[in-house]
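Working notes, beginning with the structure itself.
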Amino acid sequence: MIIITEIEKKKDSKDIVNDIDSYLSKIYDPNLRNLLRKCYQCGTCSGVCQLSKVQKFTPSRIIEMILEGFENRVIESGVLWDCIMCNSCLQNCPEDVNFADLVRMAKYKMRNIEDQNPEEYIAHKGIYTTLSEIMSESNLQPERTLDWVPKECKITESGKIMYYVGCLPFFKFEFENIDSIATSTLKLICQIEKEPIVVLKEESCCGHDLYWGQGKFEPFIELAKKNLKMFENAGISTIITACAECYRTLKVDYSNLFEDFDKKFEVQHIIEYIYNSWKENKIEFKNPEQTSEPIQFTFHDPCRLSRFLPKSNNIIHKVREIFNHLEKIGYKFNEMEHSKENSLCCGVSSWMNCNERSKALRYKRLSEAKAAGTKVVTSCPKCIMHLSCLKDDFEEFGSMEILDFSEFLVNLVNVIDGNEKKEEEK
Amino acid sequence: MEGAVLVIGGGIAGIQTSLDLTELGFKVYLVERTPSIGGRMAQLDKTFPTNDCSLCILAPKMVEVFRNPNIELMTYHEVKKITGKPGDFTVTVLKKPRYVDETKCKGCGDCAAKCPKIEAPNPFDMNLGKRKSIYIPFPQAVPPIYLIDPNMCLMLTKGVCGVCKKVCKADAIDYEQKPQDIEIKVGAVVVCTGFDMYGEELSSRWGYQYQNVVNALEYERILCASGPFEGHVLRPSDHEEPEIIAFVQCAGSRDLHENVPYCSSVCCMYTAKESIITKEHSENSKCFVFRHDIRAYGKNFYEFTQRAQEEYGVVYFQTKISTIEEDPDTNDLIIHYEDLKTGEFKDFRANLVVLATPLVPSNGSKELGEILGIELDNYNFYKEKSYFNKLTSSREGIYLCGFCQGPMDIPETVADASGVASQVATLLSPVKYTQVKEKIYEIPEKEVKYDDEPRIGVLVCHCGINIGKYVDVPRVVDYIKTLPNVVQCEANLYSCSSDSQERIKQVILEKNLNRFIVASCTPRTHEALFQETCQEAGLNKYLFEMVNIRDQCSWVHMTEKEAATEKAIDLLRMAVAKARLIKPQKEEKLKIEPSCFIIGGGISGMTAALNIAEQGFKAYLIEKEKKLGGNLNNLNILYPIQEDASIILKEMVEKVERNPNIEIILESKIKDIKGYIGNYDISLQDTNNEIKELKVGTIIVATGAQELKPQGLFQYDEKNKNVITQLELEQRLQNEDKSWLNEIKRVTFILCANARQKEGITYCSNVCCGASIKNIDILKELKNDLEIVALYRDLQMAKKEFEEYYRNRRKDAMFLRYDLDNLPQVNKAKEEQYKISVFDTNLQDTIEFETDLIVLATPMIPADNLKELAMMLKVPLDRTGFFLEAHVKLRPLDFATDGIFLCGCAQWPKNIQDSISQANGAAGRASRFLSAGEITTSGLVAEVNPDKCIGCGKCEDVCPYNAIELIDETKEFEDISIVIKKSSINSALCKGCGTCAATCPVGAIMVKHYDFDQIGAMINTYLLEKVKN
């Protein structure tokens, strides 16, 4: 459960307002045309747009209207609330026009200038983003439960390495067993590290969904500041997360806000962390229950890992290197029809637009997954929720298993060195 | 013939009877001799076995009676004379003077607040609490009309004072009122006069004369939060919290010499309840129950008594009590008793003693019996026409319901009330709907479009000084006037008075209002009145909003007037914000197919079918076997009336077969049930696989139960022919050939075989004890030198008829009492001879003997394949596998889903008498809809937006009324087409509770009149527009 206690309220002052404005300028440009100048209307984006397969939605037409000076019409129409922000357009754009960023800023305009209320687009009646907003209040200090932490894992309030859990423990009231992702991740880290891992009761939401989903930049900035302070107080240098959204937010968006963020903190996704540990010979992969028939499995690339990171980031290749290696211990990795940068979207982003169109997108994705193996591994809790929800609706997917990367690996990792010897001594 | 009915007594029996009768199309005169309806149930703190607050579940029914236009509520009246014949009675009713004009009194309570007379004991609190000489018996009294106690009032006794007249702003006080005779004409009379509880009448050995010995009804008031001690358990002598509380059962009951000979049948349960509630009130208290037999007679009742012991640590002693005496120094009580487990005599000191004293027909029953010309039985209860027709009195046209006929609990009373209503409906069938009112509105409803500018009228009520003294009403009015869209805002003295209704109509019409708000008391009692007024002025009733500034403001903030006023302003501002957004709603009418489908052709099903058919509706009676009768086919002689089951069965089957309105369908099973109340489509399949389709309006489930065959227990298996169940014995006895008895010298009955255990079957089936005693009797008559032994744990023989049975049990057999921890051992000695070893707890010794025949009284278990049927009907089963009713206390014959009812052993094991009265009750409940011919759906229902629905089905899971279904819809997209489920809400079944709307993750469901915009507007205006002083 979340317990919220009120701490002393800071007095409003002009400094704080100015402070917010200076941060805002780093993530928001009121002139949307600035983002689109390079577009020469090739129309590729409208061709690859995943949403356009299930409803009328043409990014290139929207871009054209803005470029021709009809930004107001676009904003007034509210059409951009519909975008699922999968970033397939940017992936294929010859000029790197960042349409998703345009949508993000347009959402801020639609909300703050046009006073549009996207409530009817928000799934779960906005409860989860409301929680984020509550956490962003400077005078409210949420305290979260740590009852999911396995007994064998040693955690601490200050130290070098932090596991940034994200919102998983809040989701479990509606999504059964979802916090096993956190449990598995912490088990993996604690197995490998000798020191206790920092897990904080006062951890705040990263703000991803407010930032991308609802155009609520001010609370996003507040959350980022709160988290930064928290990281600094805990004295950490490495942040590990198992969530694709948290990863992108900390790695890219926080760095945009705070100049020295990436110098102070090394942000690692659990995939990178496992990959590095493996390459450094700290761990090996073992399968205690190896079967004669290899287990067929596939990987669903979350858009935040495949299309929302700088091109230099090769996390999606690292995960495949690990998976291909698992052939040695009785697993067979298969690609889906669409994979890596071209993978299909799980259908919903930032709690926006859960509807029958999104179901069609998810249906397509699960159909591809089913053709590639009964186990689907991914590395984004939201993807898991969205795909699992659909799986429960359709009998044909009944036999499929949808797993997080950590859940998948937690029993396959064996720590080399001292620990193993100690085991033997016992 | 008169289409009106007189109901005498306003307890739960009278209330339920009246409500059901109006729904069947009759006008009701409800006469109650005390100033309020509610009866004994209103006095109870909690009700077993769910521990619901008694008044909380009763009060809505009381209010329903109050608001029902077809019930003429005659409280503080008494029946004096009756003449005429069934269908045409003339009754003289005495209206006792209240000294308050009930047409003027608004129940504000200003008079009682100022009444100077020293307080007098309040009978509602069993004289433990106090009231003024002008009073209502309890805050929730219905009607909420004050009255003056003529023996106490200074004005009436000495001619001085008159304060109440001075303070009453409604001018309702009338010291000159005189008793008045009123004549009414009715077609039938239902007597529901209930019970009293012994106190002073008890013989002195029970110690009731001591201050700290109370009877159970007094203790209910002590426990009750609104009682004399505000829910603190205190002893009357020193108002200290007692540590050791002794509950003494059977105090004065089942006693042939003093007090009453019968068992009151509810005391074992309320004692368990009171001890549980006591433990919940104060953990330090220790509760001890001095019990005799445990007679927990009803669904899951026995388990409840076990819970008291296991979960709450209540200690039960099996005892007989000699005397209860007071220690004069401490006012403690010394109980002198015999411990039946050890045979020792002991003393027990308690700080407080609660006596489960006998429940007897209420004071004046005898006199009323004489007035009505109906007979009493040996115990002074009203005598029923016959054992199997306990709802009819000795005089035709006069019916009995509830405790005045014999000891029974609330669910049985409620079931009987519905049964009585259906019998009255049969008698008065030709004059249904001749005397009921249907409201006709003269001014047509005006159209209000969603974009019409809201024009809101507001009325703020002073309620005398009830609100006005604490809430600054003029300030509220001044503020509300400033709000946008408020066209008119005024205050008045009593919003509920008839001149206020005229004023509301006038304002609506003159100012062309399209919304109206009243800020006064609770919508629970008054919303319907104001809605009707709005409708009379042509305003759709859903364009009305009500704000409760009495309970919420003046009552709870009585000591902080400023806060009370501010809160009233806030609440009203919120109502105005909502009112801007409310829309007119439509109420739909749905036709009801005038027929009933009855599942199960046993005694319950046949009774229900006959009842439905005799009221003139079509009944389809389906039975899976080749013939009607169910378990009755296997029974020999019925107790306690000693009649041949086959004769009763034959008569019943003939009646059913002769009735042209009944279609009997044998050897068929149900393939499918579709639809909802009023419109069920049923398809049946017979043994030739032929399909038959039916269209019916309602369904009654009467699937009965079966006897458990205890394989392996006490040597029961195919090889041992002389170890049989009770039902197998009945079949042997039915047979002409009794030669099997020749070889038998000793028979042993083992009661509670595989019943009332800690695990497995935990319940008591209620009928086996009586059946065993009956069969012992029959065997003895067949073969006089037979030796019969009965091994028992408790003898479950509640109800008035069984007392003699119980008394005579030792005449023919030896009764040995065994314990659950120490079951009898049965070993095979040789072929068809068994050796039994049993530890008799009465003798405290092991007894061994041989026997030739063992009869096992095993429990009743649910009929086969109920799960399948429950799925088709979409109704629940309970954890024991019987059907689960809507509410164990007040809706024993309904399912939560409208249109489907249950009765007999499908609900719980019961005897034939109870099955018959439940069947009549279920038929009554079902025929309410059939009589009306249509149902009006509420405008307050949930609605799905299919475009937003993602078909997750969460709404279907949470809907308590089975109103939601998922329907497949194929959706075409560019490269795929998929089947997506869409939620569909049946407005005929929806009760507008909003659970689905709250659950829907995508906000696709909203409840009309309470949608998210409206609630959001209320919250916004509360938080964002808070007025500052």
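All residue names refer to the structure tokens as shown: chains lettered A, B, ... in order, residues numbered from 1 in each chain, ligands numbered from 1 in order.
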
Inset, instruction - Please provide as a ChimeraX atom specification all residues within 7 Å of segment 307-310 of chain A, with the sequence filter that same-chain residues fewer than 5 positions apart are discarded (counting only C-alpha atoms). - result: /A:87,91,248,341

Could you save the residues just selected, with C-alpha atoms, as a PDB file, in the first residue's frame?
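Everything below was put into selection-v4.pdb:
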```pdb
ATOM      1  CA  ASN A  87       7.904   5.805 -32.712  1.00  0.00           C
ATOM      2  CA  GLN A  91      12.486   4.832 -37.050  1.00  0.00           C
ATOM      3  CA  ARG A 248      14.481   5.649 -21.183  1.00  0.00           C
ATOM      4  CA  GLU A 341      13.370  -1.658 -34.486  1.00  0.00           C
TER       5      GLU A 341
END
```

Show which residues sit within 8 Å of Ile239 of chain A, as a PDB file with N, CA and C atoms, in the first residue's frame. Count only C-alpha atoms, and ignore same-chain residues fewer than 3 positions away.
```pdb
ATOM      1  N   ILE A 161      24.947   0.862  -5.353  1.00  0.00           N
ATOM      2  CA  ILE A 161      24.072   0.368  -6.418  1.00  0.00           C
ATOM      3  C   ILE A 161      22.615   0.420  -5.958  1.00  0.00           C
ATOM      4  N   MET A 162      21.789   1.009  -6.805  1.00  0.00           N
ATOM      5  CA  MET A 162      20.377   1.099  -6.471  1.00  0.00           C
ATOM      6  C   MET A 162      19.559   0.294  -7.472  1.00  0.00           C
ATOM      7  N   TYR A 163      18.559  -0.407  -6.921  1.00  0.00           N
ATOM      8  CA  TYR A 163      17.537  -0.966  -7.817  1.00  0.00           C
ATOM      9  C   TYR A 163      16.363   0.005  -7.798  1.00  0.00           C
ATOM     10  N   TYR A 164      16.118   0.652  -8.952  1.00  0.00           N
ATOM     11  CA  TYR A 164      15.008   1.594  -9.075  1.00  0.00           C
ATOM     12  C   TYR A 164      13.783   0.785  -9.526  1.00  0.00           C
ATOM     13  N   ILE A 236      24.312   7.066  -4.299  1.00  0.00           N
ATOM     14  CA  ILE A 236      24.485   5.981  -5.268  1.00  0.00           C
ATOM     15  C   ILE A 236      25.254   6.451  -6.503  1.00  0.00           C
ATOM     16  N   PHE A 265      25.499   9.587 -12.462  1.00  0.00           N
ATOM     17  CA  PHE A 265      24.879   8.267 -12.298  1.00  0.00           C
ATOM     18  C   PHE A 265      25.015   7.450 -13.577  1.00  0.00           C
ATOM     19  N   GLU A 266      25.320   6.189 -13.379  1.00  0.00           N
ATOM     20  CA  GLU A 266      25.289   5.287 -14.520  1.00  0.00           C
ATOM     21  C   GLU A 266      23.966   4.533 -14.472  1.00  0.00           C
ATOM     22  N   VAL A 267      23.139   4.737 -15.499  1.00  0.00           N
ATOM     23  CA  VAL A 267      21.842   4.066 -15.532  1.00  0.00           C
ATOM     24  C   VAL A 267      21.961   2.807 -16.383  1.00  0.00           C
ATOM     25  N   GLN A 268      21.600   1.678 -15.783  1.00  0.00           N
ATOM     26  CA  GLN A 268      21.689   0.407 -16.513  1.00  0.00           C
ATOM     27  C   GLN A 268      20.352  -0.299 -16.521  1.00  0.00           C
TER      28      GLN A 268
END
```

Chain B residues within 6 Å of chain A, counting only C-alpha atoms: which ones, as an mmCIF file with C-alpha atoms, in the first residue's frame?
```
data_model
loop_
_atom_site.group_PDB
_atom_site.id
_atom_site.type_symbol
_atom_site.label_atom_id
_atom_site.label_comp_id
_atom_site.auth_asym_id
_atom_site.auth_seq_id
_atom_site.Cartn_x
_atom_site.Cartn_y
_atom_site.Cartn_z
ATOM 1 C CA LYS B 948 -15.138 2.548 -25.298
ATOM 2 C CA ILE B 950 -12.911 -3.258 -24.191
ATOM 3 C CA PHE B 973 -9.654 -3.805 -39.257
ATOM 4 C CA GLU B 974 -7.374 -3.206 -42.215
ATOM 5 C CA PRO B 1001 -11.068 0.307 -16.210
ATOM 6 C CA VAL B 1002 -11.738 2.398 -19.272
#
```

Counting only C-alpha atoms, which residues of segment 360-438 of chain B fall within 8 Å of segment 799-806 of chain B, and what is the closest atom pair for each with its distance in Å at one decimal, ordered by chain and rising number, as CSV?
```
residue,atom,partner,partner_atom,distance
B:Gly406,CA,B:Lys800,CA,6.3
B:Pro407,CA,B:Lys799,CA,5.7
B:Met408,CA,B:Lys799,CA,7.3
```

May I have the residues from that selection written out with N, CA and C atoms, as a PDB file, in the first residue's frame?
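See selection_17.pdb below for the written result:
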```pdb
ATOM      1  N   GLY B 406     -46.992 -19.557  16.197  1.00  0.00           N
ATOM      2  CA  GLY B 406     -46.097 -20.487  16.866  1.00  0.00           C
ATOM      3  C   GLY B 406     -44.682 -19.966  16.773  1.00  0.00           C
ATOM      4  N   PRO B 407     -43.772 -20.501  17.605  1.00  0.00           N
ATOM      5  CA  PRO B 407     -42.409 -19.995  17.601  1.00  0.00           C
ATOM      6  C   PRO B 407     -41.750 -20.132  16.221  1.00  0.00           C
ATOM      7  N   MET B 408     -41.135 -19.071  15.762  1.00  0.00           N
ATOM      8  CA  MET B 408     -40.375 -19.128  14.506  1.00  0.00           C
ATOM      9  C   MET B 408     -39.416 -17.951  14.449  1.00  0.00           C
TER      10      MET B 408
END
```

Inset, instruction - Excluding Lys446 of chain B and residues on its chain fewer than 5 positions from it, collect all residues at most 12 Å away from it, counting only C-alpha atoms, and give them as a PyMOL selection string. - result: chain B and resi 508-509+512-515+534-541+543+584

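Atom CA of Leu344 of chain A lies 29.0 Å from atom CA of Phe285 of chain A.
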
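Taking only C-alpha atoms, the non-local environment of Ser646 of chain B within 10 Å (same-chain residues fewer than 2 positions away omitted) comprises B:Gly629, B:Leu632, B:Asn633, B:Asn634, B:Leu635, B:Asn636, B:Ile637, B:Leu638, B:Glu643, B:Asp644, B:Ile648, B:Leu649, B:Lys650, B:Glu651, B:Met652, B:Gln734.
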
Legend entry - Residues within 12 Å of segment 107-115 of chain A, only C-alpha atoms, excluding chain neighbours under 2 positions, as a count of residues only: 42

Inset, instruction - Name the residues in contact with Arg320 of chain A at a cut-off of 9 Å, using only C-alpha atoms, excluding same-chain residues fewer than 4 positions from it; report them as a PyMOL selection string. - result: chain A and resi 299+315-316+324-325+333

Legend entry - Test item: residues at most 7 Å from segment 586-602 of chain B, only C-alpha atoms, excluding those fewer than 3 positions along its chain, as a PyMOL selection string: chain B and resi 605-606+609+617-623+628-631+678-679+696-703+930+933-939

Legend entry - For Thr183 of chain A, the nearest of the candidates A:Ile63, A:Leu168, A:Val415, A:Val376, counting only C-alpha atoms: A:Leu168

Inset, instruction - Would you please give, as a PyMOL selection string, all residues of segment 84-251 of chain A that DSSP assigns to alpha helix (DSSP H) based on the backbone? - result: chain A and resi 88-92+99-112+127-136+168-171+180-192+208-212+217-234+244-248

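Distance-wise, atom CA of Gln1014 of chain B and atom CA of Gly994 of chain B end up 13.8 Å apart.
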